[in-house]
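Input: a single structure, listed below in structure tokens.
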Amino acid sequence: MSEEKRTELVNVTIDGIPTQVPPGTNLVEAAKAVGVEIPHYCYHPGLSIAANCRMCLVETNKHPPGKLVPGCQITVMEGMEVTTQSKRVKDQQRAVQEFLLLHHPVDCAICDQAGECRLQDYYQEYDYKPSRLDSPKWMKNKRKVLGPTIVLDQERCIMCTRCVRFMKEVAEDPVLGVFGRGTREVIDTFPGKTLDNNYSGNIVDLCPVGALTWRDNRFRARAYFLTATPSICTGCERGCNVYLDHFQGVPYRYRPRENPEVNQYWMCDVGRLGYHALHDDRLVAARVDGEETEAEAAVLAAARKLGELSGKAAVVVSPLLSLEDALAVAALAKEGLGAKAIYVSGRAAGEGDRLLLRSDRNPNRKGVELAAQAMGLEVRAFDALQGAKVEGLLLAGLEIPADEAGFAEWAKKIPTVVAMGTNVSPLLGAAHVVLPLAPHSEAEGTFVNFQGRAQRFLAAYEPRGAALPGWAWAARLLRELGHETGWSSTREVFMDLGRKLPEGSLGTFDWDATPRRHLKGVVPLPGGTVDGRPAGMRELIPLRTGGTAA
Amino acid sequence: MPETKNDLANLQEDVLDAKLSTKSLSLNMGPSHPASHGTVRFHIELDGEIITKLDPEIGFLHRGFEKSCENSTWTQCLPYTDRLNYLSSMCNNFGFLTAVEKLAGIEIPERAKYIRTIGAELHRLCDHLTCVGAMAMELGGFTPFLWAIEARDILWDRVAELTGARVTTSYGRIGGVNRDLPEGWVQKVKDSLVRVAELRDDIDALLTHNRIFLERTRGTGKMSAEDAINYGFTGPMLRASGVDYDVRKAHPYWVYDRVDFEVPLGSEGDNYDRYYLRIAEMKESERIILQCFEQMEPGPILVDDWRYVLPPKNEVYSTIEGVIGHFKIVMEGVKIPAGTVYSYTESPNGELGWYLVSDGSGRPYKVHCRAPGIPLLGGLEHMVVGSLLPDLIPTFDLINMIGGEVEQ
């Protein structure tokens with residue numbers, strides 16, 4: 001670090017550990033930098049400071065002795081010494097915790113937050129004393145419907161006001177407010193308003209307790225049984241970084257994963273609901289002429305039909321396919337089918353907004369275009385397809401930006417249609433051979449978002465039924481068509497074909513930088529272990545100190 | 001040609017006495033041999049009937065329990081420790097918990113210390129009874145075995161009343177024990193100990209001066225004090241060689257410094273000493289238990305700290321504090337402060353050591369068990385090489401190798 005840089009940093013000592021942090025850093029963040037945890041409820045790095053939970057109070061040498069100051073609000077000063085372990089601080093933490101639990105309902109057994117609840121975490125760490133309440137608990141509304149997506153349990157609420165601040169500052173839709181005072185204080189919508197916002201799901205993530213619940217998966221899954229796999233949202237071309245939380249091969253929710261350059265701490269409700277398609281109406285068996293068949297037979301049939309066409313088949317690639325899948329399919333188009341172009345399909349554009357959601361609802365359009373470029377194929381718009389002379393059709397991905405039934409009618413006139421898809425679609429009616437695709441929850445790969453940022457995602461669980469990633473089907477078809485590829489993993493596809501990508505098109509992207517499941521030091525836990533997490537990367541779940549709003 | 005009659009006689013005698021030429025024989029014994037208890041295979045090189053080489057092959061009961069512990073909470077490790085030396089599971093339970101408590105800096109209540117001592121000594125009795133009885137049986141005397149098993153069964157009934165299980169007890173908890181002594185249990189144990197003492201004396205009377213038994217055990221499987229130390233022997237095997245080392249005396253834990261007991265010592269380091277030392281130790285265990293009954297007073301059996309023990313059920317069902325405490329301990333485990341510890345207790349076969357590493361989470365980062373049986377098995381070859389094959393039987397029996405413990 002240069003001399004000049006050094007002068008820009010502030011020297012502070014936290015529990016005796018000296019460190020340097022940029023000026024303006026608050027004490028919670030400074031402590032986190034040296035591995036000291038200052039507990040907090042209301043503070044969130046993406047929101048304004050409220051300093052109302054009083055959990056983060058610490059002592060410093062820059063304030064009168066015995067005076068506690070909120071660590072989230074006080075910023076570092078040169079020479080500041082912070083004490084988080086003194087008796088005064090510990091007593092305060094226990095007192096705050098006791099007050100917060102005083103009227104808290106005995107709900108853990110039925111609460112969706114149990115297992116990822118800060119009240120639980122902090123109670124066990126900072127309080128661990130019996131209740132001293134000798135009167136009945138104060139009752140409030142346990143199921144206050146705030147809007148189409150959110151239900152509030154006012155009894156569980158600890159009045160941190162994260163949700164109020166989020167709606168006001170980030171979503172800029174200030175419909176939530178604090179009503180009443182003291183014990184009767186509640187969060188509610190302003191009279192006549194409903195919470196109906198594309199970013200409403202974030203307040204459920206933000207809520208440190210189980211007060212706000214997402215109606216979509218309320219009472220569906222126990223948080224402590226879920227395994228979190230780092231993934232990428234496929235809702236639009238933003239490619240928000242997410243965790244896919246799943247249990248025994250069933251996805252239960254997306255949660256935003258902090259990435260300051262893409263989605264900060266948030267994601268939108270459109271993307272958040274995208275996990276349903278990973279589970280519902282899935283295509284899990286290969287078909288030939290409408291009959292379910294073995295994968296090998298379907299590959300043979302597809303290869304035979306496509307091989308006869310030599311150059312006359314049109315290849316349609318969906319930008320929901322990963323970069324690796326697109327590269328492999330492009331290689332199939334070029335080398336196996338002799339195509340000169342690919343048609344890029346994908347979901348129809350929708351309305352974007354100023355925060356995260358983009359109008360292009362496909363996660364990997366850039367990646368598909370790069371793949372075509374890498375293989376020397378022309379990229380054509382989907383609309384050009386129906387005007388072209390097509391004798392055979394290979395659909396890699398069934399998402400099309402047009403009326404599906406109408407397109408299916410048109411496609412029925414084509415002598416040979418081979419379709420790969422993740423979900424059931426009207427298009428399948430026109431397909432002679434159907435190959436089931438594994439979506440991004442079941443395969444690993446890379447998406448290139450609209451910024452040209454390549455982002456890796458990991459497979460959360462094994463592909464369902466006969467489903468395979470796109471590159472695997474492409475490799476099998478290529479083999480039948482006389483081109484041995486030798487690919488046995490997604491990584492090999494990228495290492496083989498990724499070299500052909502235009503120089504520098506992925507920036508400093510390193511395929512291996514994202515840790516994979518079975519790396520050394522990452523112990524997959526057996527299912528049903530007592531800490532509740534079945535086999536998965538527990539290490540990657542930021543329960544408390546991570547940036548994600550948990 | 002012989003010169004005289006006398007020479008002729010000499011010659012004939014030489015011919016008659018000529019040594020049979022022997023050749024080395026490689027013999028497999030076990031893994032399931034009727035004259036050994038414990039599943040272990042010996043690869044033995046014999047010269048005639050003399051053992052020249054012995055290679056014990058273990059692993060038939062290997063379960064990788066140390067690794068399994070890393071995926072379990074600290075409390076969940078307890079059932080694994082039951083299955084180390086399954087004849088004295090309470091010694092293992094409490095030994096492991098003592099290590100965990102040392103790491104966490106927990107001082108368990110007085111009554112829990114007494115209960116732990118009583119439980120451990122009961123299981124020490126069971127262990128010694130099994131060892132002595134089984135050895136006698138494998139030397140051909142079936143009656144002592146039946147007596148020993150009768151005595152052990154009486155004790156196991158008391159253990160079952162105390163812990164709910166006869167063998168795999170999982171009775172301890174971090175910070176104390178699972179439950180208090182049952183109603184009327186103390187008197188029942190006292191009565192049981194009288195019967196056990198009778199049976200023990202019967203065994204003693206039948207074996208200790210028995211000619212056949214003496215021939216088989218006296219002077220066989222000898223180990224000098226120096227060798228025993230060098231091989232890492234602990235427990236009765238070490239003390240039979242005359243080394244006065246008992247963890248209960250040398251580094252007292254629980255209430256061993258408050259009870260009066262002797263540490264019997266051998267002098268020859270042979271199988272007879274090892275046998276008789278166990279008989280003597282059983283008498284001391286009985287004394288310890290009776291003294292504990294006299295000394296112990298009513299009181300809590302678990303520490304009052306909800307970070308380490310489950311809250312009482314009435315709190316769990318009616319207060320949020322209780323339900324959170326219960327939830328966190330059950331789902332995530334007791335959080336033991338980061339650090340490393342080595343702790344050791346006297347189990348029936350020797351020093352049972354635990355090396356634990358915690359990273360501050362609810363599960364051990366690393367667990368290593370210093371099982372007393374491993375060094376003993378390591379010294380087996382030293383004890384039997386040069387002796388007759390039948391000497392292997394009492395020597396191996398008195399090691400009291402428990403597969404679950406040695407092979408972990």
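Convention: chains lettered A, B, ... in structure tokens order; per-chain residue numbering from 1; ligands numbered from 1 as shown.
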* Asked: Residues of range 188-257 of chain B in alpha helix (DSSP H) according to DSSP, as a VMD selection string?
  -> chain B and resid 188 to 207 211 to 217 225 to 230 236 to 240 247 to 250
Can you pull out the residues contacting Val76 in chain A? Cut-off 12 Å, using only C-alpha atoms, and skip same-chain residues under 6 positions away; I want them as a tab-separated table (two decimals) with N, CA and C atoms, in the first residue's frame.
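Okay, this is what ended up in selection_37.tsv:
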```tsv
chain	number	residue	atom	x	y	z
A	9	LEU	N	-6.49	6.07	5.37
A	9	LEU	CA	-7.16	5.15	6.27
A	9	LEU	C	-7.08	5.64	7.71
A	10	VAL	N	-8.00	5.16	8.51
A	10	VAL	CA	-8.08	5.57	9.90
A	10	VAL	C	-7.65	4.39	10.78
A	11	ASN	N	-6.81	4.69	11.76
A	11	ASN	CA	-6.36	3.64	12.67
A	11	ASN	C	-7.38	3.46	13.79
A	12	VAL	N	-7.88	2.25	13.95
A	12	VAL	CA	-8.77	1.96	15.08
A	12	VAL	C	-8.34	0.64	15.72
A	13	THR	N	-8.72	0.47	16.96
A	13	THR	CA	-8.42	-0.77	17.67
A	13	THR	C	-9.73	-1.34	18.16
A	14	ILE	N	-10.01	-2.57	17.77
A	14	ILE	CA	-11.28	-3.18	18.19
A	14	ILE	C	-10.97	-4.38	19.07
A	19	THR	N	-6.48	-2.11	13.48
A	19	THR	CA	-6.77	-2.26	12.06
A	19	THR	C	-6.88	-0.87	11.44
A	20	GLN	N	-6.91	-0.85	10.12
A	20	GLN	CA	-7.07	0.40	9.39
A	20	GLN	C	-8.29	0.27	8.50
A	21	VAL	N	-9.15	1.24	8.58
A	21	VAL	CA	-10.35	1.20	7.74
A	21	VAL	C	-10.53	2.58	7.11
A	22	PRO	N	-11.27	2.65	6.00
A	22	PRO	CA	-11.50	3.96	5.38
A	22	PRO	C	-12.32	4.85	6.31
A	23	PRO	N	-12.11	6.14	6.26
A	23	PRO	CA	-12.92	7.03	7.08
A	23	PRO	C	-14.39	6.91	6.69
A	24	GLY	N	-15.25	7.09	7.66
A	24	GLY	CA	-16.68	6.97	7.38
A	24	GLY	C	-17.21	5.57	7.62
A	25	THR	N	-16.31	4.62	7.83
A	25	THR	CA	-16.76	3.26	8.14
A	25	THR	C	-17.39	3.25	9.53
A	26	ASN	N	-18.52	2.59	9.66
A	26	ASN	CA	-19.10	2.52	11.01
A	26	ASN	C	-18.45	1.39	11.80
A	27	LEU	N	-18.73	1.37	13.09
A	27	LEU	CA	-18.01	0.43	13.96
A	27	LEU	C	-18.39	-1.02	13.68
A	28	VAL	N	-19.65	-1.25	13.26
A	28	VAL	CA	-20.07	-2.63	12.96
A	28	VAL	C	-19.22	-3.20	11.83
A	29	GLU	N	-19.07	-2.39	10.76
A	29	GLU	CA	-18.30	-2.86	9.60
A	29	GLU	C	-16.82	-2.97	9.95
A	30	ALA	N	-16.31	-1.99	10.71
A	30	ALA	CA	-14.90	-2.04	11.09
A	30	ALA	C	-14.61	-3.28	11.92
A	31	ALA	N	-15.53	-3.62	12.83
A	31	ALA	CA	-15.34	-4.80	13.67
A	31	ALA	C	-15.41	-6.07	12.82
A	60	THR	N	-16.39	3.11	23.59
A	60	THR	CA	-15.18	3.56	22.91
A	60	THR	C	-14.43	4.52	23.83
A	61	ASN	N	-13.19	4.79	23.45
A	61	ASN	CA	-12.41	5.74	24.26
A	61	ASN	C	-12.67	7.19	23.83
A	62	LYS	N	-13.48	7.39	22.81
A	62	LYS	CA	-13.75	8.75	22.34
A	62	LYS	C	-15.07	9.28	22.91
A	69	VAL	N	-22.39	3.66	22.89
A	69	VAL	CA	-22.76	4.32	21.64
A	69	VAL	C	-23.13	3.27	20.60
A	70	PRO	N	-24.07	3.58	19.72
A	70	PRO	CA	-24.48	2.59	18.70
A	70	PRO	C	-23.39	2.39	17.66
A	82	VAL	N	-12.30	0.51	20.51
A	82	VAL	CA	-13.66	0.03	20.69
A	82	VAL	C	-13.64	-1.21	21.58
```
* Mind checking which residues fall within 6 Å of range 175-192 of chain B, counting only C-alpha atoms, ignoring those fewer than 4 positions away in the same chain, and posting them as a list in words? =>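 Non-adjacent residues within range: Ile108, Ala112, Tyr171, Ile301, Leu302 and Val303 of chain B.
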Pull N, CA and C atoms from the residues just selected and write them as a PDB file, in the first residue's frame.
```
ATOM      1  N   ILE B 108     -18.870 -29.014  36.696  1.00  0.00           N
ATOM      2  CA  ILE B 108     -20.172 -29.668  36.859  1.00  0.00           C
ATOM      3  C   ILE B 108     -20.547 -29.727  38.334  1.00  0.00           C
ATOM      4  N   ALA B 112     -23.455 -34.408  40.318  1.00  0.00           N
ATOM      5  CA  ALA B 112     -23.132 -35.015  39.023  1.00  0.00           C
ATOM      6  C   ALA B 112     -21.772 -35.705  39.096  1.00  0.00           C
ATOM      7  N   TYR B 171     -25.328 -41.817  28.933  1.00  0.00           N
ATOM      8  CA  TYR B 171     -25.977 -41.305  30.129  1.00  0.00           C
ATOM      9  C   TYR B 171     -25.532 -39.886  30.468  1.00  0.00           C
ATOM     10  N   ILE B 301     -28.039 -31.836  39.082  1.00  0.00           N
ATOM     11  CA  ILE B 301     -27.195 -32.804  38.382  1.00  0.00           C
ATOM     12  C   ILE B 301     -26.703 -32.231  37.056  1.00  0.00           C
ATOM     13  N   LEU B 302     -27.101 -31.020  36.753  1.00  0.00           N
ATOM     14  CA  LEU B 302     -26.655 -30.359  35.528  1.00  0.00           C
ATOM     15  C   LEU B 302     -26.314 -28.915  35.863  1.00  0.00           C
ATOM     16  N   VAL B 303     -25.362 -28.342  35.138  1.00  0.00           N
ATOM     17  CA  VAL B 303     -25.054 -26.932  35.380  1.00  0.00           C
ATOM     18  C   VAL B 303     -26.249 -26.073  34.968  1.00  0.00           C
TER      19      VAL B 303
END
```
Taking only C-alpha atoms into account, report as a PDB file with C-alpha atoms, in the first residue's frame which residues of chain B lie within 8 Å of chain A.
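As written to disk, out.pdb reads:
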```pdb
ATOM      1  CA  ASN B  71     -20.436 -34.351  11.390  1.00  0.00           C
ATOM      2  CA  SER B  72     -22.305 -34.634  14.669  1.00  0.00           C
ATOM      3  CA  THR B  73     -22.916 -32.166  17.423  1.00  0.00           C
ATOM      4  CA  ASP B 305     -26.347 -22.551  32.001  1.00  0.00           C
ATOM      5  CA  TRP B 306     -28.634 -22.619  28.991  1.00  0.00           C
ATOM      6  CA  ARG B 307     -25.731 -22.304  26.626  1.00  0.00           C
ATOM      7  CA  GLU B 315     -39.778 -23.467  30.107  1.00  0.00           C
ATOM      8  CA  SER B 318     -44.270 -22.010  27.697  1.00  0.00           C
ATOM      9  CA  THR B 319     -41.591 -19.379  27.148  1.00  0.00           C
ATOM     10  CA  ILE B 320     -39.849 -18.105  24.053  1.00  0.00           C
ATOM     11  CA  GLU B 321     -36.529 -18.117  25.895  1.00  0.00           C
ATOM     12  CA  GLY B 322     -36.877 -21.809  26.624  1.00  0.00           C
ATOM     13  CA  VAL B 323     -37.966 -22.767  23.139  1.00  0.00           C
ATOM     14  CA  ILE B 324     -35.099 -20.848  21.553  1.00  0.00           C
ATOM     15  CA  GLY B 325     -32.578 -22.421  23.901  1.00  0.00           C
ATOM     16  CA  PHE B 327     -34.058 -25.218  19.397  1.00  0.00           C
ATOM     17  CA  LYS B 328     -30.527 -23.903  19.164  1.00  0.00           C
ATOM     18  CA  VAL B 330     -30.920 -29.440  19.333  1.00  0.00           C
ATOM     19  CA  MET B 331     -30.531 -28.039  15.836  1.00  0.00           C
ATOM     20  CA  GLU B 332     -27.059 -26.550  15.994  1.00  0.00           C
ATOM     21  CA  GLY B 333     -25.501 -28.185  18.999  1.00  0.00           C
ATOM     22  CA  GLY B 362     -21.732 -26.866  17.531  1.00  0.00           C
TER      23      GLY B 362
END
```
* Nearest to Ser425 in chain A among A:Leu506, A:Asp403, A:Pro208, A:Arg476, with distances taken over only C-alpha atoms: which residue is it? -> A:Asp403
